[in-house]
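Asker: Quick one, data-v3.cif (mmCIF, C-alpha atoms and all ligand atoms):
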data_work
#
loop_
_atom_site.label_atom_id
_atom_site.label_comp_id
_atom_site.auth_asym_id
_atom_site.auth_seq_id
_atom_site.Cartn_x
_atom_site.Cartn_y
_atom_site.Cartn_z
CA MET A 1 -76.73 33.93 5.13
CA VAL A 2 -73.35 32.33 4.48
CA MET A 3 -70.00 34.04 5.22
CA ARG A 4 -66.58 32.67 4.41
CA THR A 5 -63.30 33.15 6.23
CA GLU A 6 -60.01 31.29 6.67
CA VAL A 7 -60.29 30.62 10.42
CA ALA A 8 -63.61 30.56 12.28
CA ILE A 9 -62.90 31.25 15.96
CA VAL A 10 -65.50 30.29 18.55
CA GLY A 11 -65.16 32.46 21.69
CA ALA A 12 -63.77 36.00 22.16
CA GLY A 13 -62.04 35.43 25.52
CA PRO A 14 -58.27 35.88 25.75
CA ALA A 15 -57.54 32.73 23.71
CA GLY A 16 -59.93 33.59 20.85
CA LEU A 17 -59.07 37.29 20.56
CA LEU A 18 -55.32 36.75 20.87
CA LEU A 19 -55.49 34.09 18.14
CA ALA A 20 -57.48 36.44 15.89
CA HIS A 21 -54.94 39.20 16.52
CA LEU A 22 -51.87 37.01 15.83
CA LEU A 23 -53.46 35.58 12.67
CA ASP A 24 -54.33 39.08 11.50
CA ARG A 25 -50.69 40.14 11.93
CA ALA A 26 -49.67 37.14 9.82
CA GLY A 27 -52.16 38.11 7.10
CA ILE A 28 -54.69 35.35 7.86
CA GLU A 29 -58.39 36.25 7.93
CA SER A 30 -60.62 35.19 10.78
CA VAL A 31 -64.11 35.78 12.15
CA VAL A 32 -64.78 35.41 15.89
CA VAL A 33 -68.23 34.51 17.23
CA GLU A 34 -69.05 35.12 20.89
CA THR A 35 -72.19 34.54 22.98
CA ARG A 36 -71.70 37.44 25.37
CA SER A 37 -71.55 41.21 24.75
CA GLN A 38 -68.19 42.95 24.32
CA GLU A 39 -68.72 44.83 27.62
CA TYR A 40 -69.51 41.63 29.54
CA VAL A 41 -66.44 39.81 28.24
CA ALA A 42 -64.18 42.78 29.06
CA SER A 43 -65.45 43.16 32.62
CA ARG A 44 -65.31 39.52 33.81
CA ILE A 45 -63.12 39.37 36.92
CA ARG A 46 -60.85 36.37 36.55
CA ALA A 47 -57.10 35.80 36.42
CA GLY A 48 -54.51 38.41 37.40
CA ILE A 49 -51.00 36.97 37.14
CA LEU A 50 -49.00 36.78 33.92
CA GLU A 51 -45.93 34.59 33.78
CA GLN A 52 -42.81 35.80 31.97
CA SER A 53 -43.52 33.97 28.71
CA SER A 54 -47.07 35.41 28.53
CA VAL A 55 -45.63 38.91 28.91
CA ASP A 56 -43.15 38.08 26.13
CA VAL A 57 -45.92 36.79 23.80
CA LEU A 58 -48.14 39.83 24.44
CA THR A 59 -45.21 42.22 23.99
CA ALA A 60 -44.15 40.59 20.70
CA ALA A 61 -47.78 40.92 19.54
CA GLY A 62 -47.66 44.70 20.14
CA LEU A 63 -49.75 44.45 23.32
CA GLY A 64 -47.07 45.22 25.89
CA ASP A 65 -47.20 49.03 26.28
CA ARG A 66 -50.02 49.38 28.84
CA LEU A 67 -48.96 46.12 30.50
CA ARG A 68 -45.50 47.54 31.18
CA ALA A 69 -46.82 50.98 32.15
CA GLU A 70 -49.67 49.86 34.43
CA GLY A 71 -48.79 46.26 35.35
CA HIS A 72 -46.54 45.46 38.29
CA GLU A 73 -43.57 43.15 38.08
CA HIS A 74 -43.19 40.84 41.09
CA ARG A 75 -40.01 39.04 41.99
CA GLY A 76 -41.82 36.20 43.78
CA VAL A 77 -44.45 35.24 46.36
CA TYR A 78 -44.74 34.68 50.11
CA LEU A 79 -45.64 31.25 51.48
CA GLN A 80 -46.85 31.14 55.05
CA TRP A 81 -48.37 29.02 57.76
CA PRO A 82 -49.15 29.97 61.38
CA GLY A 83 -45.96 31.31 62.88
CA GLY A 84 -43.93 31.85 59.71
CA ARG A 85 -43.89 33.78 56.43
CA HIS A 86 -41.20 33.09 53.82
CA HIS A 87 -40.42 34.92 50.60
CA LEU A 88 -39.47 32.94 47.49
CA ASP A 89 -37.53 35.16 45.08
CA PHE A 90 -38.18 33.76 41.58
CA VAL A 91 -35.73 36.18 39.96
CA ASP A 92 -32.96 35.06 42.25
CA LEU A 93 -33.91 31.39 41.81
CA THR A 94 -34.67 31.23 38.06
CA GLY A 95 -34.00 34.65 36.51
CA ARG A 96 -37.71 34.97 35.69
CA SER A 97 -40.46 37.14 37.21
CA VAL A 98 -44.28 37.41 37.06
CA TRP A 99 -46.51 40.42 36.38
CA VAL A 100 -49.71 41.50 38.12
CA TYR A 101 -52.02 42.59 35.30
CA GLY A 102 -55.70 41.65 35.33
CA GLN A 103 -57.36 39.51 32.68
CA THR A 104 -59.82 42.39 32.25
CA GLU A 105 -56.90 44.60 31.16
CA VAL A 106 -55.50 41.95 28.78
CA GLN A 107 -59.00 41.68 27.28
CA LYS A 108 -59.30 45.47 26.85
CA ASP A 109 -55.89 45.60 25.13
CA LEU A 110 -56.97 42.80 22.77
CA VAL A 111 -60.29 44.47 21.92
CA ARG A 112 -58.47 47.74 21.16
CA ALA A 113 -55.76 46.09 19.05
CA HIS A 114 -57.86 43.69 17.00
CA GLY A 115 -59.59 45.37 14.10
CA GLY A 116 -61.06 42.20 12.53
CA PRO A 117 -64.66 41.02 12.71
CA VAL A 118 -66.00 39.82 16.08
CA VAL A 119 -69.69 38.92 16.17
CA TYR A 120 -70.95 39.35 19.75
CA GLU A 121 -74.18 38.11 21.34
CA VAL A 122 -74.70 35.04 19.16
CA THR A 123 -76.75 32.02 20.24
CA ASP A 124 -77.06 28.37 19.14
CA THR A 125 -73.39 28.05 18.10
CA ALA A 126 -72.74 24.64 16.51
CA LEU A 127 -69.72 23.14 14.73
CA HIS A 128 -70.10 20.93 11.63
CA ASP A 129 -68.16 18.66 9.26
CA LEU A 130 -64.95 18.83 11.29
CA THR A 131 -63.25 15.91 9.56
CA THR A 132 -63.83 17.29 6.06
CA ASP A 133 -61.89 20.13 4.42
CA HIS A 134 -64.96 22.39 4.49
CA PRO A 135 -65.92 22.67 8.17
CA TYR A 136 -68.39 25.37 9.23
CA VAL A 137 -69.99 27.02 12.21
CA THR A 138 -73.66 27.94 12.48
CA TYR A 139 -75.17 30.45 14.91
CA THR A 140 -78.04 32.86 15.34
CA ASP A 141 -77.08 36.53 15.41
CA ARG A 142 -78.43 39.09 17.87
CA ASP A 143 -81.26 39.97 15.44
CA GLY A 144 -82.42 36.37 15.43
CA VAL A 145 -81.07 35.60 11.94
CA GLY A 146 -79.54 32.15 11.37
CA ARG A 147 -75.98 32.40 9.96
CA ARG A 148 -73.39 30.02 8.57
CA LEU A 149 -69.64 30.66 8.69
CA ASP A 150 -67.56 28.52 6.30
CA ALA A 151 -63.85 28.21 7.02
CA ALA A 152 -60.72 26.23 6.25
CA VAL A 153 -60.16 25.66 9.96
CA ILE A 154 -62.16 26.12 13.19
CA ALA A 155 -60.49 27.18 16.44
CA GLY A 156 -62.46 26.19 19.54
CA CYS A 157 -61.61 28.92 22.09
CA ASP A 158 -64.96 28.87 23.86
CA GLY A 159 -63.88 28.08 27.41
CA SER A 160 -65.09 25.37 29.73
CA PHE A 161 -68.79 25.57 28.81
CA GLY A 162 -68.65 26.14 25.04
CA PRO A 163 -69.67 23.61 22.38
CA SER A 164 -66.22 22.95 20.82
CA ARG A 165 -64.92 20.39 23.31
CA ALA A 166 -68.10 18.33 23.02
CA ALA A 167 -68.02 18.58 19.21
CA VAL A 168 -65.24 15.97 19.25
CA PRO A 169 -67.00 12.58 19.15
CA GLN A 170 -66.74 10.56 22.35
CA SER A 171 -64.88 7.79 20.51
CA ALA A 172 -62.16 10.29 19.51
CA ARG A 173 -61.55 11.99 22.85
CA GLN A 174 -60.30 11.16 26.30
CA VAL A 175 -61.19 13.30 29.30
CA TYR A 176 -59.07 13.34 32.48
CA GLU A 177 -60.77 15.05 35.40
CA ARG A 178 -60.36 15.80 39.10
CA THR A 179 -62.89 17.69 41.24
CA TYR A 180 -61.61 19.10 44.53
CA PRO A 181 -63.64 19.02 47.76
CA TYR A 182 -63.40 22.79 48.26
CA SER A 183 -64.00 26.11 46.47
CA TRP A 184 -62.66 29.66 46.69
CA LEU A 185 -64.67 32.60 47.90
CA GLY A 186 -63.08 35.50 45.98
CA VAL A 187 -63.52 39.18 46.81
CA LEU A 188 -62.39 42.33 45.07
CA ALA A 189 -61.87 45.26 47.45
CA ASP A 190 -61.23 48.96 46.91
CA VAL A 191 -58.29 49.07 49.29
CA ALA A 192 -54.53 49.23 48.81
CA PRO A 193 -52.97 45.75 49.11
CA SER A 194 -51.52 45.06 52.57
CA THR A 195 -48.57 43.30 50.95
CA ASP A 196 -46.03 44.05 48.21
CA GLU A 197 -46.27 40.53 46.69
CA LEU A 198 -48.87 37.71 46.85
CA ILE A 199 -49.27 35.79 50.13
CA TYR A 200 -50.26 32.10 49.87
CA ALA A 201 -51.32 31.06 53.38
CA TRP A 202 -51.81 27.55 54.72
CA HIS A 203 -54.07 27.57 57.80
CA PRO A 204 -55.80 24.70 59.66
CA ASP A 205 -59.16 26.45 59.03
CA GLY A 206 -58.48 26.71 55.30
CA PHE A 207 -56.26 28.30 52.66
CA ALA A 208 -56.20 32.07 52.08
CA LEU A 209 -54.59 34.14 49.32
CA HIS A 210 -53.84 37.84 49.33
CA SER A 211 -53.48 38.98 45.73
CA MET A 212 -53.98 42.37 44.10
CA ARG A 213 -55.00 44.04 40.83
CA SER A 214 -53.46 47.51 41.26
CA PRO A 215 -52.00 49.80 43.97
CA THR A 216 -55.59 50.59 45.04
CA VAL A 217 -57.43 47.30 44.43
CA SER A 218 -56.93 44.06 46.38
CA ARG A 219 -58.06 40.57 45.34
CA LEU A 220 -58.44 38.09 48.20
CA TYR A 221 -59.57 34.50 48.44
CA LEU A 222 -60.68 32.09 51.17
CA GLN A 223 -61.05 28.32 50.97
CA VAL A 224 -64.74 27.48 51.56
CA PRO A 225 -66.75 24.25 51.28
CA ASN A 226 -68.24 23.37 47.89
CA GLY A 227 -71.76 24.76 47.46
CA THR A 228 -71.07 27.83 49.64
CA ASP A 229 -73.52 30.68 49.08
CA PRO A 230 -71.59 34.01 49.01
CA GLN A 231 -74.59 35.60 50.79
CA THR A 232 -73.60 33.67 53.91
CA TRP A 233 -70.34 35.65 53.95
CA PRO A 234 -71.10 39.25 54.92
CA ASP A 235 -68.12 41.60 54.50
CA GLU A 236 -67.19 41.63 58.22
CA ARG A 237 -67.00 37.82 58.23
CA VAL A 238 -64.79 37.84 55.13
CA TRP A 239 -62.35 40.34 56.64
CA SER A 240 -62.16 38.65 60.04
CA GLU A 241 -61.52 35.23 58.47
CA LEU A 242 -58.89 36.71 56.13
CA ALA A 243 -57.21 38.43 59.09
CA LYS A 244 -57.03 35.16 61.01
CA ARG A 245 -55.78 32.98 58.13
CA LEU A 246 -53.35 35.57 56.74
CA GLY A 247 -51.82 36.21 60.17
CA HIS A 248 -52.96 39.73 61.07
CA GLY A 249 -50.75 40.84 63.98
CA GLN A 250 -48.06 38.24 63.26
CA ASP A 251 -44.61 39.93 63.42
CA GLY A 252 -46.28 43.34 63.26
CA TRP A 253 -48.05 42.70 59.90
CA THR A 254 -51.59 44.06 59.55
CA LEU A 255 -54.38 43.45 57.04
CA THR A 256 -56.25 46.62 56.09
CA PRO A 257 -59.92 46.00 55.23
CA GLY A 258 -61.89 48.11 52.75
CA PRO A 259 -65.11 48.22 50.72
CA ILE A 260 -65.80 44.92 48.91
CA THR A 261 -67.02 45.52 45.34
CA GLU A 262 -67.39 41.93 44.11
CA LYS A 263 -67.86 38.56 45.80
CA SER A 264 -68.18 35.15 44.14
CA VAL A 265 -67.53 31.45 44.70
CA LEU A 266 -65.24 29.56 42.34
CA PRO A 267 -65.32 25.73 42.33
CA MET A 268 -61.96 24.02 41.83
CA ARG A 269 -61.47 21.53 39.02
CA SER A 270 -58.74 20.01 36.89
CA LEU A 271 -59.70 18.77 33.41
CA VAL A 272 -57.75 17.87 30.29
CA GLN A 273 -59.35 16.67 27.07
CA THR A 274 -57.06 14.98 24.58
CA PRO A 275 -56.22 15.32 21.75
CA MET A 276 -56.45 19.09 21.25
CA ARG A 277 -57.08 18.61 17.54
CA HIS A 278 -59.86 16.74 15.75
CA GLY A 279 -59.74 16.98 11.95
CA ARG A 280 -60.05 20.68 11.14
CA LEU A 281 -60.95 21.67 14.73
CA PHE A 282 -58.15 22.93 17.01
CA LEU A 283 -58.90 23.49 20.71
CA ALA A 284 -57.11 26.17 22.76
CA GLY A 285 -57.36 27.49 26.33
CA ASP A 286 -60.11 26.48 28.74
CA ALA A 287 -61.93 24.71 25.89
CA ALA A 288 -59.29 21.97 26.20
CA HIS A 289 -58.17 22.19 29.83
CA ILE A 290 -59.09 23.67 33.18
CA VAL A 291 -56.82 24.08 36.20
CA PRO A 292 -57.62 25.18 39.74
CA PRO A 293 -56.43 28.80 40.08
CA THR A 294 -53.86 28.09 42.86
CA GLY A 295 -50.92 28.01 40.44
CA ALA A 296 -52.18 31.03 38.40
CA LYS A 297 -51.96 29.00 35.20
CA GLY A 298 -55.38 29.22 33.44
CA LEU A 299 -54.84 32.43 31.47
CA ASN A 300 -51.14 31.67 30.94
CA LEU A 301 -51.91 28.27 29.42
CA ALA A 302 -54.47 29.85 27.08
CA ILE A 303 -51.80 32.30 25.88
CA ALA A 304 -49.21 29.49 25.51
CA ASP A 305 -51.63 27.39 23.39
CA VAL A 306 -52.37 30.30 21.10
CA ALA A 307 -48.67 31.18 20.75
CA ARG A 308 -48.22 27.69 19.27
CA LEU A 309 -51.46 27.54 17.32
CA ALA A 310 -51.16 30.83 15.41
CA PRO A 311 -47.88 29.96 13.58
CA ALA A 312 -49.10 26.38 13.03
CA LEU A 313 -52.29 27.60 11.31
CA THR A 314 -50.38 30.26 9.38
CA ALA A 315 -48.03 27.63 7.95
CA LEU A 316 -50.93 25.29 7.18
CA LEU A 317 -53.04 27.91 5.43
CA ARG A 318 -50.16 29.51 3.53
CA GLY A 319 -49.01 26.16 2.12
CA ASN A 320 -45.84 26.13 4.22
CA GLY A 321 -46.38 22.63 5.53
CA SER A 322 -48.66 20.91 7.99
CA ALA A 323 -45.96 19.64 10.39
CA ARG A 324 -46.61 22.27 13.09
CA ALA A 325 -50.35 21.73 12.89
CA GLU A 326 -49.83 17.95 13.13
CA ARG A 327 -47.66 18.46 16.22
CA TYR A 328 -49.89 21.12 17.83
CA SER A 329 -51.79 18.81 20.16
CA ASP A 330 -48.74 16.89 21.42
CA ASP A 331 -46.63 20.03 21.84
CA ALA A 332 -49.37 21.93 23.65
CA LEU A 333 -50.26 18.98 25.88
CA ALA A 334 -46.70 18.68 27.19
CA ARG A 335 -47.06 22.14 28.76
CA VAL A 336 -50.70 21.53 29.72
CA TRP A 337 -49.79 18.45 31.77
CA ARG A 338 -46.83 20.22 33.44
CA CYS A 339 -49.15 23.07 34.49
CA THR A 340 -51.91 20.62 35.44
CA HIS A 341 -49.51 18.83 37.75
CA PHE A 342 -48.18 22.08 39.23
CA SER A 343 -51.69 23.45 39.84
CA TRP A 344 -52.74 20.18 41.51
CA TRP A 345 -49.53 20.17 43.60
CA MET A 346 -49.97 23.76 44.83
CA THR A 347 -53.65 23.10 45.52
CA THR A 348 -53.11 19.93 47.54
CA MET A 349 -50.15 21.46 49.44
CA LEU A 350 -52.12 24.51 50.58
CA HIS A 351 -55.76 23.50 51.17
CA ALA A 352 -56.89 22.16 54.52
CA THR A 353 -58.58 18.78 54.65
CA SER A 354 -60.10 17.19 57.73
CA ASP A 355 -57.23 14.65 57.85
CA PRO A 356 -54.43 15.49 60.35
CA PHE A 357 -52.02 13.25 58.36
CA ASP A 358 -52.55 15.50 55.29
CA ALA A 359 -51.83 18.55 57.44
CA GLN A 360 -48.46 17.19 58.59
CA LEU A 361 -47.46 16.29 55.01
CA GLN A 362 -48.45 19.77 53.82
CA LEU A 363 -46.43 21.50 56.54
CA SER A 364 -43.45 19.28 55.82
CA GLN A 365 -43.68 20.17 52.12
CA LEU A 366 -43.96 23.90 52.92
CA ARG A 367 -40.92 23.76 55.21
CA TRP A 368 -38.99 21.99 52.44
CA VAL A 369 -39.84 24.41 49.61
CA THR A 370 -38.97 27.37 51.83
CA SER A 371 -35.73 25.99 53.24
CA SER A 372 -34.16 24.03 50.36
CA ARG A 373 -32.90 25.89 47.28
CA ALA A 374 -33.77 22.84 45.16
CA GLY A 375 -37.35 22.77 46.51
CA ALA A 376 -37.76 26.54 46.12
CA THR A 377 -36.38 26.47 42.57
CA GLY A 378 -38.88 23.78 41.52
CA LEU A 379 -41.79 25.92 42.69
CA ALA A 380 -40.30 29.11 41.23
CA GLU A 381 -39.58 27.54 37.83
CA ASN A 382 -43.17 26.32 37.50
CA TYR A 383 -44.83 29.45 38.90
CA ALA A 384 -42.83 31.93 36.82
CA GLY A 385 -43.37 29.55 33.88
CA LEU A 386 -41.05 27.51 31.74
CA PRO A 387 -39.96 29.20 28.49
CA LEU A 388 -42.27 28.43 25.56
C1 LIG B 401 -64.82 32.69 37.67
C2 LIG B 401 -63.41 32.40 37.19
C3 LIG B 401 -62.32 32.88 37.90
C4 LIG B 401 -61.02 32.61 37.48
N1 LIG B 401 -59.97 33.07 38.21
C5 LIG B 401 -58.71 32.77 37.81
C6 LIG B 401 -57.59 33.20 38.54
O1 LIG B 401 -57.72 33.82 39.59
N2 LIG B 401 -56.35 32.86 38.07
C7 LIG B 401 -56.17 32.15 36.91
O2 LIG B 401 -55.05 31.89 36.49
N3 LIG B 401 -57.22 31.75 36.20
C8 LIG B 401 -58.47 32.04 36.62
N4 LIG B 401 -59.50 31.61 35.89
C9 LIG B 401 -59.20 30.92 34.65
C10 LIG B 401 -58.92 31.90 33.49
O3 LIG B 401 -59.77 33.02 33.59
C11 LIG B 401 -59.14 31.13 32.20
O4 LIG B 401 -58.18 30.10 32.16
C12 LIG B 401 -59.03 32.01 30.95
O5 LIG B 401 -60.13 32.89 30.89
C13 LIG B 401 -59.02 31.12 29.72
O6 LIG B 401 -59.24 31.89 28.56
P1 LIG B 401 -60.07 31.27 27.35
O7 LIG B 401 -60.09 32.33 26.33
O8 LIG B 401 -59.55 29.94 27.03
O9 LIG B 401 -61.53 31.01 27.94
P2 LIG B 401 -62.64 32.06 28.39
O10 LIG B 401 -62.01 33.25 29.02
O11 LIG B 401 -63.62 31.29 29.20
O12 LIG B 401 -63.29 32.54 27.05
C14 LIG B 401 -64.17 31.72 26.32
C15 LIG B 401 -65.17 32.59 25.59
O13 LIG B 401 -66.02 31.75 24.81
C16 LIG B 401 -67.33 32.26 24.90
N5 LIG B 401 -68.30 31.20 24.58
C17 LIG B 401 -68.77 30.23 25.39
N6 LIG B 401 -69.68 29.49 24.76
C18 LIG B 401 -69.79 30.00 23.51
C19 LIG B 401 -70.60 29.66 22.39
N7 LIG B 401 -71.50 28.67 22.45
N8 LIG B 401 -70.45 30.39 21.25
C20 LIG B 401 -69.58 31.43 21.20
N9 LIG B 401 -68.80 31.80 22.24
C21 LIG B 401 -68.91 31.09 23.38
C22 LIG B 401 -67.42 32.72 26.35
O14 LIG B 401 -68.49 33.66 26.55
C23 LIG B 401 -66.06 33.35 26.55
O15 LIG B 401 -66.03 34.72 26.24
C24 LIG B 401 -60.81 31.85 36.30
C25 LIG B 401 -61.90 31.38 35.59
C26 LIG B 401 -63.19 31.62 36.02
C27 LIG B 401 -64.36 31.06 35.25
#
Show this structure as structure tokens.
Answerer:
Amino acid sequence: MVMRTEVAIVGAGPAGLLLAHLLDRAGIESVVVETRSQEYVASRIRAGILEQSSVDVLTAAGLGDRLRAEGHEHRGVYLQWPGGRHHLDFVDLTGRSVWVYGQTEVQKDLVRAHGGPVVYEVTDTALHDLTTDHPYVTYTDRDGVGRRLDAAVIAGCDGSFGPSRAAVPQSARQVYERTYPYSWLGVLADVAPSTDELIYAWHPDGFALHSMRSPTVSRLYLQVPNGTDPQTWPDERVWSELAKRLGHGQDGWTLTPGPITEKSVLPMRSLVQTPMRHGRLFLAGDAAHIVPPTGAKGLNLAIADVARLAPALTALLRGNGSARAERYSDDALARVWRCTHFSWWMTTMLHATSDPFDAQLQLSQLRWVTSSRAGATGLAENYAGLPL
């Protein structure tokens, strides 16, 4: 049961499917293998903010029509703490904007656009012979049949829990990691957002974020201790805590509650594994790095990696030189570390700790980024995303 392709892609999340689509447009064959079903992958509630360069990449790949019709362009975000809310206008500060468009929608667009083979519901995925010129992937298909996929190159796009990252021998990889002492309780609610743009709120009882997915669906988050069971947060408790932290009643602003349709707890972690290439294996997206969601960078970094990887593999496999493939890891890591720092910075500026010294530093930082054009521009440039 052996198949052959040019690029074997492990994982059909945004990184894997976008890579398959870009390779297909360049005339390179690929096969994607994925543990979950197509429906499960398309309905996972995750990221929702696209930076300008992600919108540009998706548009250039022919995936921009629904994004522009149904997504919402935002000029910036609000930063607040008790007593004050301040708007940062990214367009005014940097000439760049962000778009609200859910990862679920990006995934649906990718599934519709990509006509190549994607094998869903596989198990036992394993990567082999990565430092030879005939690497391969083995897996068991949904009928229980063992399969082997031979390729010129393997792309590890299998997220934070897939086998690709660990397929690099310990002696050849370095892992940098930070675990944060808090998590996010995220809810999706069938109610119109109470704000036109995202509100990032510092509060002594914990961070809160008011985001949105559409004009009728709100996405809201609360800082909670690690290990929190979502069952201990009935809907009324969620809404009353959000109202307090987001400043319901402050300067006439009100938070409108509504039916909660999804509730989950998301631990916060930073991780970077270097290098992002080992022999014929190239890592992209969460398979190589994880950021806490505060800076809205996870999905955007996955798209940025793939935007570099697709032309590098095309040149390599079409005999147009290996220079881009050689540089892939270093080039990608420069952006990864910038976003890792920004995500850490936003996280540590906005999340309450039990230390009153931390609180004063955080408030000082917030006053600075909202009152100094230089401070505001630094945040805006990173949030809206540096050009690729
Ligand atoms: C619960 C959650 C909430 C998030 N919320 C936000 C947010 O609010 N904002 C933000 O910016 N980012 C958020 N992120 C991060 C963002 O969703 C990711 O950065 C993004 O999905 C990365 O895309 P990816 O394709 O690299 O990885 P993934 O989307 O994780 O895709 C990897 C794919 O590989 C598949 N896979 C795993 N193991 C195997 C295997 N053995 N064989 C084959 N396939 C396999 C997985 O099923 C998955 O489909 C969130 C992540 C999670 C987990």
Asker: I'd like the interatomic distance between CA of Thr94 in chain A and CA of Ala302 in chain A, to a tenth of an Å.
Answerer: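 The value is 22.7 Å.
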Asker: For ligand LIG 401 (chain B), list the contacting residues at 6 Å or closer, counting only C-alpha atoms and all ligand atoms, as a VMD selection string.
Answerer: chain A and resid 10 to 16 33 to 36 41 46 to 48 125 157 to 159 161 to 163 266 285 to 287 293 296 to 299 302
Asker: Would you please work out which residue, of A:Glu51, A:Pro257, A:Ala26, A:Val272, is nearest to Pro387 in chain A when using all atoms listed in the file?
Answerer: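 Of the candidates, the smallest distance to Pro387 in chain A is held by A:Glu51.
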Asker: At a cut-off of 12 Å around the point (-74.9, 30.1, 48.2) (file coordinates), what residues fall inside when counting only C-alpha atoms? I'd like the answer as number ranges by chain.
Answerer: A: 183, 185, 224-234, 263-266
Asker: Grab the residues selected above and save them as a compact mmCIF listing (two decimals), keeping the file's coordinate frame with C-alpha atoms.
Answerer:
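Saved to part33.txt:
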# COMPACT_ATOMS: atom_id res chain seq x y z
CA SER A 183 -64.00 26.11 46.47
CA LEU A 185 -64.67 32.60 47.90
CA VAL A 224 -64.74 27.48 51.56
CA PRO A 225 -66.75 24.25 51.28
CA ASN A 226 -68.24 23.37 47.89
CA GLY A 227 -71.76 24.76 47.46
CA THR A 228 -71.07 27.83 49.64
CA ASP A 229 -73.52 30.68 49.08
CA PRO A 230 -71.59 34.01 49.01
CA GLN A 231 -74.59 35.60 50.79
CA THR A 232 -73.60 33.67 53.91
CA TRP A 233 -70.34 35.65 53.95
CA PRO A 234 -71.10 39.25 54.92
CA LYS A 263 -67.86 38.56 45.80
CA SER A 264 -68.18 35.15 44.14
CA VAL A 265 -67.53 31.45 44.70
CA LEU A 266 -65.24 29.56 42.34
Asker: Using all atoms listed in the file, tabulate the residues of range 68-179 of chain A lying at most 12 Å from any atom of range 324-346 of chain A, each with its closest atom pair and that distance in Å to one decimal, by chain and increasing residue number, as JSON lines.
Answerer:
{"residue": "A:Leu79", "atom": "CA", "partner": "A:Met346", "partner_atom": "CA", "distance": 10.9}
{"residue": "A:Val153", "atom": "CA", "partner": "A:Ala325", "partner_atom": "CA", "distance": 11.0}
{"residue": "A:Tyr176", "atom": "CA", "partner": "A:Trp337", "partner_atom": "CA", "distance": 10.6}
{"residue": "A:Glu177", "atom": "CA", "partner": "A:Thr340", "partner_atom": "CA", "distance": 10.5}
{"residue": "A:Arg178", "atom": "CA", "partner": "A:Trp344", "partner_atom": "CA", "distance": 9.1}
{"residue": "A:Thr179", "atom": "CA", "partner": "A:Trp344", "partner_atom": "CA", "distance": 10.5}
Asker: List the spatial neighbours of Asp129 in chain A as a ChimeraX atom specification - criterion: any atom at most 12 Å away, all atoms listed in the file, same-chain residues fewer than 2 positions off excluded.
Answerer: /A:126-127,131-138,150-154,167-169,278-281
Asker: Using only C-alpha atoms, which of A:Ser211, A:Thr294, A:Ser322, A:Ser364 sits nearest Thr347 in chain A?
Answerer: A:Thr294
Asker: What lies within 7 Å of His72 in chain A using all atoms listed in the file, ignoring chain neighbours under 2 positions off, as a list in words?
Answerer: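 Close residues of His72 in chain A: Glu70, His74, Trp99, Val100 and Tyr101 of chain A.
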Asker: Considering all atoms listed in the file, state which residue in the set A:Ser270, A:Ser30, A:Gln250, A:Thr348 is at the smallest distance from Leu313 in chain A.
Answerer: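 Under the stated criterion, the closest residue is A:Ser30.
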Asker: Can you measure CA of Tyr383 in chain A to CA of Arg245 in chain A for me? One decimal in Å is fine.
Answerer: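 Here the two named atoms are 22.4 Å from each other.
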Asker: Using all atoms listed in the file, which residue out of A:Val291, A:Leu67, A:Met3, A:Ala384 lies closest to Gln103 in chain A?
Answerer: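 Between A:Val291, A:Leu67, A:Met3, A:Ala384, the residue approaching Gln103 in chain A most closely is A:Leu67.
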Asker: Rounded to one decimal place, report the CA of Ala69 in chain A-CA of Ile199 in chain A distance in Å.
Answerer: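 Straight-line distance from CA of Ala69 in chain A to CA of Ile199 in chain A works out to 23.7 Å.
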Asker: Pick out the residues sitting within 12 Å of Ala61 in chain A, and hand them over as a list in words; count all atoms listed in the file, and ignore anything fewer than 5 positions along from it in its own chain.
Answerer: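 Counting only the stated atoms, we get Leu17, Leu18, Leu19, Ala20, His21, Leu22, Leu23, Asp24, Arg25, Ala26, Ser54, Val55, Asp56, Asp109, Leu110, Ala113, His114, Ile303, Val306, Ala307 and Ala310 of chain A.
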Asker: Select, from A:Leu366, A:Gln80, A:Ser37, A:Gly206, the residue with the minimum atom-to-atom distance to Arg142 in chain A, counting all atoms listed in the file.
Answerer: A:Ser37
Asker: Name all residues at most 12 Å from His248 in chain A (count all atoms listed in the file; drop same-chain ones fewer than 2 positions away) and give them as a PyMOL selection string.
Answerer: chain A and resi 82-83+85+194-195+201+210+239-246+250-257
Asker: Store the residues picked out above in a file with C-alpha atoms, as a CSV table (one decimal), keeping the file's coordinate frame.
Answerer:
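Done, and the output landed in selection37.csv:
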chain,number,residue,atom,x,y,z
A,82,PRO,CA,-49.2,30.0,61.4
A,83,GLY,CA,-46.0,31.3,62.9
A,85,ARG,CA,-43.9,33.8,56.4
A,194,SER,CA,-51.5,45.1,52.6
A,195,THR,CA,-48.6,43.3,51.0
A,201,ALA,CA,-51.3,31.1,53.4
A,210,HIS,CA,-53.8,37.8,49.3
A,239,TRP,CA,-62.4,40.3,56.6
A,240,SER,CA,-62.2,38.6,60.0
A,241,GLU,CA,-61.5,35.2,58.5
A,242,LEU,CA,-58.9,36.7,56.1
A,243,ALA,CA,-57.2,38.4,59.1
A,244,LYS,CA,-57.0,35.2,61.0
A,245,ARG,CA,-55.8,33.0,58.1
A,246,LEU,CA,-53.4,35.6,56.7
A,250,GLN,CA,-48.1,38.2,63.3
A,251,ASP,CA,-44.6,39.9,63.4
A,252,GLY,CA,-46.3,43.3,63.3
A,253,TRP,CA,-48.0,42.7,59.9
A,254,THR,CA,-51.6,44.1,59.6
A,255,LEU,CA,-54.4,43.4,57.0
A,256,THR,CA,-56.2,46.6,56.1
A,257,PRO,CA,-59.9,46.0,55.2
